[in-house]
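As structure tokens, the structure follows; a few thoughts come after it.
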Amino acid sequence: MVGVVANGTTSDKAKTEQYDYDFFSIGGGTGGVRAARWSAMNFGARTAVCEVPFDYIASETQGGLGGTCVLRGCVPKKLLSYGGEYSNEFKGAEGYGWSLNGTPTHDWAKFMGTKRKELKRLNDIHSNMLDKAGVKMIEGRGKLVDAHTICVNGKNYTSKYILIATGGTPSVPPIEGKELCLISDAVLDIKERPQKMVIVGAGYIACEQACIFNNFGTEVHMLYMEEVALGAFGVECGKHIGAKYQRQGIHTCPTFCPWKRRKALAYEDIHFCRIAVQYQSSDLLTLAGFDMECRKHTEAECQQQGIHTRPILCPLKCQKALAHEDVHSCRPAIQS
């Protein structure tokens with residue numbers, strides 16, 4: 001999050017009231033909502049937040065209050081994680097005298113419907129919190145016009161302080177056929193549980209998704225560039241995770257990175273990752289049905305092919321303002 005202010009920090013009331021608001025947050029995620037509520041409730045600031053309309057998958061025009069953590073990250077991931085854990089509980093229940101009367105079945109569509117209701121409820125809670133704090137919610141995509149002006153849906157608003165809390169979006173590796181792949185936003189809202197799935201990467205988010213869908217019965221294959229999963233947490237941790245994944249039936253393919261992804265002709269719905277490991281040589285891995293080719297990576301490709309998050313920036317260059325002793329006045333230079 002970045003705060004933007006112009007030169008001059010006078011607290012003179014007349015000077016302050018030349019703006020529509022004292023504090024304006026571009027973005028209504030966890031950071032933007034918290035900052036706006038705090039400013040309004042603790043300092044009596046005239047405060048506003050702009051955020052694009054609610055949806056379960058983020059885009060240039062859709063988002064919602066709560067941001068990634070609430071709508072497309074921590075919360076839905078935990079709901080899926082809790083749901084998948086029941087499969088392990090069922091396996092051990094009979095040893096404690098429970099009779100399940102056959103193999104338990106799962107209704108994925110019903111589960112996704114329940115998850116969606118919970119996310120909509122949380123979005124509404126954030127809206128109510130802003131309303132109770134006296135924060136004005138403006139629906140739409142905000143753009144900086146200058147250091148004190150924001151444009152939302154063609155209308156300009158002025159503010160003494162502007163907070164850029166737009167978050168980030170996944171950056172997919174530049175491979176052929178990348179448009180046929182899914183990011184975690186879409187996976188957490190997938191309409192049908194895939195029978196088989198390829199996950200590119202082995203960071204903590206990839207590992208979470210692998211465990212979640214494995215618990216639900218999906219055949220999971222993980223492709224990653226390092227020698228072990230969760231490499232950033234240390235080799236010993238990675239080896240422990242790898243051994244556990246092997247026992248759980250998760251297929252791991254270390255030191256491979258995606259090279260090419262083609263649409264499988266047999267399946268019109270590209271969201272279904274129906275794969276089977278068909279061929280592997282010393283430097284090439286072909287996943288049939290999913291039609292993905294992977295190869296051993298080079299040092300340069302390791303840097304180029306990684307999946308990471310890039311910030312969502314506002315199209316404006318602001319010159320750095322003069323330094324000020326008040327640390328609450330964030331005065332950085334923004335260059336997009």
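Naming works like this for the structure tokens: A, B, ... for the chains as they're shown, residue 1 at the start of each chain, ligands 1 onward in shown order.
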
- Message: Taking 3 positions as the minimum chain separation for residues in the same chain, which residues sit within 6 Å of region 139-142 of chain A when counting only C-alpha atoms? Answer as a list in words.
- Response: Ile26, Cys50, Glu51, Val52, Cys151, Val152 and Asn153 of chain A

Write the residues of the preceding selection, restricted to C-alpha atoms, as an mmCIF file, in the first residue's frame.
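Contents of part-v4.cif, as written:
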data_model
loop_
_atom_site.group_PDB
_atom_site.id
_atom_site.type_symbol
_atom_site.label_atom_id
_atom_site.label_comp_id
_atom_site.auth_asym_id
_atom_site.auth_seq_id
_atom_site.Cartn_x
_atom_site.Cartn_y
_atom_site.Cartn_z
ATOM 1 C CA ILE A 26 -8.329 3.341 -4.103
ATOM 2 C CA CYS A 50 -13.686 3.024 -4.271
ATOM 3 C CA GLU A 51 -13.893 -0.614 -5.305
ATOM 4 C CA VAL A 52 -15.156 -2.436 -8.395
ATOM 5 C CA CYS A 151 -11.600 9.625 -11.234
ATOM 6 C CA VAL A 152 -14.267 6.931 -10.709
ATOM 7 C CA ASN A 153 -16.766 6.172 -13.490
#

Please produce, as JSON lines, a per-residue contact table for region 145-249 of chain A versus region 102-118 of chain A (criterion: any atom at most 12 Å away, only C-alpha atoms considered), showing the nearest atom pair and its distance in Å to one decimal, sorted by chain then residue number.
{"residue": "A:Val187", "atom": "CA", "partner": "A:Met112", "partner_atom": "CA", "distance": 11.3}
{"residue": "A:Leu188", "atom": "CA", "partner": "A:Met112", "partner_atom": "CA", "distance": 8.8}
{"residue": "A:Asp189", "atom": "CA", "partner": "A:Met112", "partner_atom": "CA", "distance": 7.0}
{"residue": "A:Ile190", "atom": "CA", "partner": "A:Met112", "partner_atom": "CA", "distance": 8.1}
{"residue": "A:Lys191", "atom": "CA", "partner": "A:Ala109", "partner_atom": "CA", "distance": 6.7}
{"residue": "A:Glu192", "atom": "CA", "partner": "A:Trp108", "partner_atom": "CA", "distance": 6.6}
{"residue": "A:Arg193", "atom": "CA", "partner": "A:Trp108", "partner_atom": "CA", "distance": 6.6}
{"residue": "A:Pro194", "atom": "CA", "partner": "A:Trp108", "partner_atom": "CA", "distance": 10.3}
{"residue": "A:Phe213", "atom": "CA", "partner": "A:Trp108", "partner_atom": "CA", "distance": 11.5}
{"residue": "A:Asn215", "atom": "CA", "partner": "A:His106", "partner_atom": "CA", "distance": 11.5}
{"residue": "A:Phe216", "atom": "CA", "partner": "A:His106", "partner_atom": "CA", "distance": 8.3}
{"residue": "A:Gly217", "atom": "CA", "partner": "A:His106", "partner_atom": "CA", "distance": 10.0}

Which residues of region 156-223 of chain A sit at most 7 Å from region 27-33 of chain A, using only C-alpha atoms? Give each one's shortest atom pair and distance in Å (one decimal place), in chain and ascending residue order, as a Markdown table.
| residue | atom | partner | partner_atom | distance |
| --- | --- | --- | --- | --- |
| A:Ile164 | CA | A:Gly27 | CA | 6.8 |
| A:Ala165 | CA | A:Gly27 | CA | 4.9 |
| A:Thr166 | CA | A:Gly27 | CA | 4.8 |

- Query: What are the DSSP helix (DSSP H, G or I) residues of region 113-149 of chain A, as number ranges by chain?
  - Reply: A: 113-132

Serialized selection, N, CA and C atoms, as an mmCIF file, in the first residue's frame:
data_model
loop_
_atom_site.group_PDB
_atom_site.id
_atom_site.type_symbol
_atom_site.label_atom_id
_atom_site.label_comp_id
_atom_site.auth_asym_id
_atom_site.auth_seq_id
_atom_site.Cartn_x
_atom_site.Cartn_y
_atom_site.Cartn_z
ATOM 1 N N GLY A 113 -21.864 -23.802 -3.820
ATOM 2 C CA GLY A 113 -22.959 -22.878 -3.535
ATOM 3 C C GLY A 113 -22.903 -22.343 -2.120
ATOM 4 N N THR A 114 -22.581 -23.218 -1.166
ATOM 5 C CA THR A 114 -22.447 -22.802 0.230
ATOM 6 C C THR A 114 -21.271 -21.853 0.396
ATOM 7 N N LYS A 115 -20.169 -22.161 -0.288
ATOM 8 C CA LYS A 115 -18.988 -21.296 -0.217
ATOM 9 C C LYS A 115 -19.296 -19.901 -0.765
ATOM 10 N N ARG A 116 -20.013 -19.851 -1.888
ATOM 11 C CA ARG A 116 -20.355 -18.565 -2.496
ATOM 12 C C ARG A 116 -21.237 -17.721 -1.568
ATOM 13 N N LYS A 117 -22.189 -18.354 -0.893
ATOM 14 C CA LYS A 117 -23.046 -17.632 0.046
ATOM 15 C C LYS A 117 -22.223 -17.015 1.168
ATOM 16 N N GLU A 118 -21.233 -17.755 1.658
ATOM 17 C CA GLU A 118 -20.389 -17.246 2.738
ATOM 18 C C GLU A 118 -19.548 -16.064 2.273
ATOM 19 N N LEU A 119 -19.004 -16.129 1.066
ATOM 20 C CA LEU A 119 -18.190 -15.027 0.559
ATOM 21 C C LEU A 119 -19.033 -13.772 0.329
ATOM 22 N N LYS A 120 -20.252 -13.957 -0.172
ATOM 23 C CA LYS A 120 -21.153 -12.800 -0.359
ATOM 24 C C LYS A 120 -21.501 -12.197 0.993
ATOM 25 N N ARG A 121 -21.698 -13.043 2.002
ATOM 26 C CA ARG A 121 -21.997 -12.547 3.351
ATOM 27 C C ARG A 121 -20.839 -11.704 3.885
ATOM 28 N N LEU A 122 -19.612 -12.160 3.664
ATOM 29 C CA LEU A 122 -18.443 -11.428 4.142
ATOM 30 C C LEU A 122 -18.270 -10.111 3.394
ATOM 31 N N ASN A 123 -18.560 -10.097 2.101
ATOM 32 C CA ASN A 123 -18.507 -8.852 1.331
ATOM 33 C C ASN A 123 -19.505 -7.841 1.882
ATOM 34 N N ASP A 124 -20.704 -8.316 2.208
ATOM 35 C CA ASP A 124 -21.729 -7.433 2.770
ATOM 36 C C ASP A 124 -21.336 -6.918 4.153
ATOM 37 N N ILE A 125 -20.663 -7.760 4.939
ATOM 38 C CA ILE A 125 -20.197 -7.341 6.266
ATOM 39 C C ILE A 125 -19.213 -6.187 6.138
ATOM 40 N N HIS A 126 -18.292 -6.275 5.169
ATOM 41 C CA HIS A 126 -17.333 -5.186 4.959
ATOM 42 C C HIS A 126 -18.047 -3.905 4.541
ATOM 43 N N SER A 127 -19.092 -4.048 3.734
ATOM 44 C CA SER A 127 -19.866 -2.872 3.329
ATOM 45 C C SER A 127 -20.550 -2.237 4.535
ATOM 46 N N ASN A 128 -21.101 -3.059 5.410
ATOM 47 C CA ASN A 128 -21.763 -2.543 6.617
ATOM 48 C C ASN A 128 -20.771 -1.872 7.564
ATOM 49 N N MET A 129 -19.566 -2.442 7.672
ATOM 50 C CA MET A 129 -18.548 -1.845 8.537
ATOM 51 C C MET A 129 -18.159 -0.451 8.048
ATOM 52 N N LEU A 130 -18.031 -0.300 6.736
ATOM 53 C CA LEU A 130 -17.716 1.015 6.185
ATOM 54 C C LEU A 130 -18.847 1.996 6.459
ATOM 55 N N ASP A 131 -20.065 1.532 6.280
ATOM 56 C CA ASP A 131 -21.230 2.391 6.491
ATOM 57 C C ASP A 131 -21.322 2.854 7.947
ATOM 58 N N LYS A 132 -21.098 1.939 8.889
ATOM 59 C CA LYS A 132 -21.166 2.283 10.308
ATOM 60 C C LYS A 132 -20.052 3.241 10.720
#

- Message: Applying 10 Å and only C-alpha atoms, which residues near Leu230 (chain A) remain after dropping the ones on its own chain fewer than 6 positions away? List them as a VMD selection string.
- Response: chain A and resid 201 to 207 224 236 to 239 241 to 242

Output for the residues just chosen: all heavy atoms as an mmCIF file, in the first residue's frame:
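Dumped everything to part_5.cif:
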data_model
loop_
_atom_site.group_PDB
_atom_site.id
_atom_site.type_symbol
_atom_site.label_atom_id
_atom_site.label_comp_id
_atom_site.auth_asym_id
_atom_site.auth_seq_id
_atom_site.Cartn_x
_atom_site.Cartn_y
_atom_site.Cartn_z
ATOM 1 N N GLY A 201 4.269 -25.187 -9.892
ATOM 2 C CA GLY A 201 4.806 -24.495 -8.735
ATOM 3 C C GLY A 201 4.711 -25.351 -7.491
ATOM 4 O O GLY A 201 3.929 -26.314 -7.438
ATOM 5 N N ALA A 202 5.506 -25.010 -6.485
ATOM 6 C CA ALA A 202 5.496 -25.768 -5.230
ATOM 7 C C ALA A 202 5.741 -24.854 -4.044
ATOM 8 O O ALA A 202 6.376 -25.233 -3.069
ATOM 9 C CB ALA A 202 6.545 -26.881 -5.263
ATOM 10 N N GLY A 203 5.229 -23.606 -4.153
ATOM 11 C CA GLY A 203 5.223 -22.729 -2.995
ATOM 12 C C GLY A 203 4.082 -23.130 -2.079
ATOM 13 O O GLY A 203 3.390 -24.125 -2.318
ATOM 14 N N TYR A 204 3.830 -22.338 -1.045
ATOM 15 C CA TYR A 204 2.823 -22.771 -0.084
ATOM 16 C C TYR A 204 1.414 -22.762 -0.663
ATOM 17 O O TYR A 204 0.585 -23.597 -0.303
ATOM 18 C CB TYR A 204 2.892 -21.947 1.202
ATOM 19 C CG TYR A 204 2.457 -20.513 1.090
ATOM 20 C CD1 TYR A 204 1.145 -20.146 1.323
ATOM 21 C CD2 TYR A 204 3.370 -19.507 0.784
ATOM 22 C CE1 TYR A 204 0.733 -18.835 1.234
ATOM 23 C CE2 TYR A 204 2.972 -18.188 0.683
ATOM 24 C CZ TYR A 204 1.655 -17.848 0.906
ATOM 25 O OH TYR A 204 1.257 -16.551 0.811
ATOM 26 N N ILE A 205 1.116 -21.841 -1.596
ATOM 27 C CA ILE A 205 -0.218 -21.841 -2.211
ATOM 28 C C ILE A 205 -0.402 -23.073 -3.078
ATOM 29 O O ILE A 205 -1.443 -23.733 -3.038
ATOM 30 C CB ILE A 205 -0.441 -20.558 -3.034
ATOM 31 C CG1 ILE A 205 -0.462 -19.332 -2.108
ATOM 32 C CG2 ILE A 205 -1.742 -20.640 -3.829
ATOM 33 C CD1 ILE A 205 -0.615 -18.015 -2.833
ATOM 34 N N ALA A 206 0.610 -23.406 -3.875
ATOM 35 C CA ALA A 206 0.530 -24.606 -4.711
ATOM 36 C C ALA A 206 0.370 -25.853 -3.856
ATOM 37 O O ALA A 206 -0.420 -26.743 -4.179
ATOM 38 C CB ALA A 206 1.783 -24.712 -5.579
ATOM 39 N N CYS A 207 1.115 -25.924 -2.762
ATOM 40 C CA CYS A 207 1.033 -27.086 -1.876
ATOM 41 C C CYS A 207 -0.337 -27.189 -1.210
ATOM 42 O O CYS A 207 -0.875 -28.284 -1.033
ATOM 43 C CB CYS A 207 2.148 -27.029 -0.832
ATOM 44 S SG CYS A 207 3.797 -27.336 -1.506
ATOM 45 N N TYR A 224 7.538 -28.402 -10.641
ATOM 46 C CA TYR A 224 8.218 -27.254 -10.048
ATOM 47 C C TYR A 224 9.695 -27.280 -10.387
ATOM 48 O O TYR A 224 10.280 -28.316 -10.705
ATOM 49 C CB TYR A 224 8.006 -27.202 -8.533
ATOM 50 C CG TYR A 224 8.184 -28.510 -7.795
ATOM 51 C CD1 TYR A 224 9.408 -28.868 -7.241
ATOM 52 C CD2 TYR A 224 7.106 -29.377 -7.628
ATOM 53 C CE1 TYR A 224 9.563 -30.060 -6.552
ATOM 54 C CE2 TYR A 224 7.249 -30.568 -6.936
ATOM 55 C CZ TYR A 224 8.479 -30.898 -6.400
ATOM 56 O OH TYR A 224 8.629 -32.077 -5.716
ATOM 57 N N GLU A 236 15.414 -29.625 4.212
ATOM 58 C CA GLU A 236 14.896 -30.641 5.127
ATOM 59 C C GLU A 236 13.367 -30.637 5.151
ATOM 60 O O GLU A 236 12.727 -31.694 5.108
ATOM 61 C CB GLU A 236 15.446 -30.413 6.537
ATOM 62 C CG GLU A 236 15.046 -31.492 7.533
ATOM 63 C CD GLU A 236 15.681 -31.280 8.896
ATOM 64 O OE1 GLU A 236 16.516 -30.372 9.048
ATOM 65 O OE2 GLU A 236 15.327 -32.027 9.825
ATOM 66 N N CYS A 237 12.796 -29.450 5.200
ATOM 67 C CA CYS A 237 11.329 -29.320 5.167
ATOM 68 C C CYS A 237 10.782 -29.847 3.850
ATOM 69 O O CYS A 237 9.791 -30.576 3.823
ATOM 70 C CB CYS A 237 10.939 -27.855 5.368
ATOM 71 S SG CYS A 237 9.172 -27.511 5.182
ATOM 72 N N GLY A 238 11.447 -29.488 2.749
ATOM 73 C CA GLY A 238 10.993 -29.922 1.439
ATOM 74 C C GLY A 238 11.026 -31.428 1.276
ATOM 75 O O GLY A 238 10.113 -32.020 0.690
ATOM 76 N N LYS A 239 12.065 -32.074 1.782
ATOM 77 C CA LYS A 239 12.157 -33.534 1.695
ATOM 78 C C LYS A 239 11.054 -34.197 2.513
ATOM 79 O O LYS A 239 10.477 -35.214 2.093
ATOM 80 C CB LYS A 239 13.528 -33.997 2.167
ATOM 81 C CG LYS A 239 14.662 -33.661 1.203
ATOM 82 C CD LYS A 239 15.994 -34.186 1.722
ATOM 83 C CE LYS A 239 17.109 -33.914 0.714
ATOM 84 N NZ LYS A 239 18.419 -34.398 1.205
ATOM 85 N N ILE A 241 8.084 -32.902 3.192
ATOM 86 C CA ILE A 241 6.833 -32.697 2.469
ATOM 87 C C ILE A 241 6.742 -33.657 1.283
ATOM 88 O O ILE A 241 5.697 -34.259 1.021
ATOM 89 C CB ILE A 241 6.723 -31.236 1.987
ATOM 90 C CG1 ILE A 241 6.551 -30.289 3.172
ATOM 91 C CG2 ILE A 241 5.554 -31.071 1.003
ATOM 92 C CD1 ILE A 241 5.262 -30.457 3.929
ATOM 93 N N GLY A 242 7.851 -33.804 0.554
ATOM 94 C CA GLY A 242 7.859 -34.688 -0.601
ATOM 95 C C GLY A 242 7.536 -36.126 -0.239
ATOM 96 O O GLY A 242 6.783 -36.809 -0.938
#

Per-residue nearest contacts of region 146-189 of chain A to region 69-91 of chain A (12 Å; only C-alpha atoms) as CSV:
residue,atom,partner,partner_atom,distance
A:Gly167,CA,A:Cys69,CA,10.5
A:Gly168,CA,A:Cys69,CA,11.6
A:Thr169,CA,A:Arg72,CA,11.2
A:Pro170,CA,A:Arg72,CA,12.0
A:Ile183,CA,A:Arg72,CA,10.6
A:Ser184,CA,A:Arg72,CA,7.9
A:Asp185,CA,A:Arg72,CA,5.5
A:Ala186,CA,A:Arg72,CA,8.6
A:Val187,CA,A:Arg72,CA,9.6
A:Leu188,CA,A:Pro76,CA,6.7
A:Asp189,CA,A:Arg72,CA,8.5

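These are the residues of region 158-247 of chain A assigned strand (DSSP E or B) by DSSP from backbone coordinates: A:Thr158, A:Ser159, A:Lys160, A:Tyr161, A:Ile162, A:Leu163, A:Ile164, A:Gly168, A:Thr169, A:Pro170, A:Ser171, A:Glu176, A:Lys196, A:Met197, A:Val198, A:Ile199, A:Val200, A:Glu219, A:Val220, A:His221, A:Met222, A:Leu223, A:Tyr224.
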
- Message: Can you tell me which residues surround Tyr157 (chain A) at a distance of at most 10 Å, considering only C-alpha atoms, apart from same-chain residues fewer than 6 positions away, and format the answer as a ChimeraX atom specification?
- Response: /A:19-21,24,48,142,144-145,148-151

Only C-alpha atoms, please: the residues just picked out, written as a PDB file, in the first residue's frame.
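Okay, this is what ended up in result26.pdb:
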ATOM      1  CA  TYR A  19     -11.086  18.835  -0.918  1.00  0.00           C
ATOM      2  CA  ASP A  20     -14.115  16.553  -1.117  1.00  0.00           C
ATOM      3  CA  TYR A  21     -12.471  14.140   1.350  1.00  0.00           C
ATOM      4  CA  PHE A  24      -9.508   8.383  -0.068  1.00  0.00           C
ATOM      5  CA  ALA A  48     -14.169   7.361   0.968  1.00  0.00           C
ATOM      6  CA  GLY A 142     -10.494   4.415  -9.510  1.00  0.00           C
ATOM      7  CA  LEU A 144      -5.407   8.895 -10.296  1.00  0.00           C
ATOM      8  CA  VAL A 145      -5.739  12.175 -12.148  1.00  0.00           C
ATOM      9  CA  HIS A 148      -5.220  15.045  -5.054  1.00  0.00           C
ATOM     10  CA  THR A 149      -7.762  13.840  -7.635  1.00  0.00           C
ATOM     11  CA  ILE A 150      -9.296  10.428  -8.320  1.00  0.00           C
ATOM     12  CA  CYS A 151     -11.600   9.625 -11.234  1.00  0.00           C
TER      13      CYS A 151
END

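Proximity ranking of A:Val135, A:His251, A:Gly63, A:Ala232 relative to Met41 (chain A) places A:Val135 first, based on only C-alpha atoms.
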
- With a distance cut-off of 12 Å and only C-alpha atoms, select the neighbouring residues of Ala45 (chain A), excluding the residue or stretch itself and same-chain residues fewer than 4 positions from it, and output the selection as a count of residues only. 23
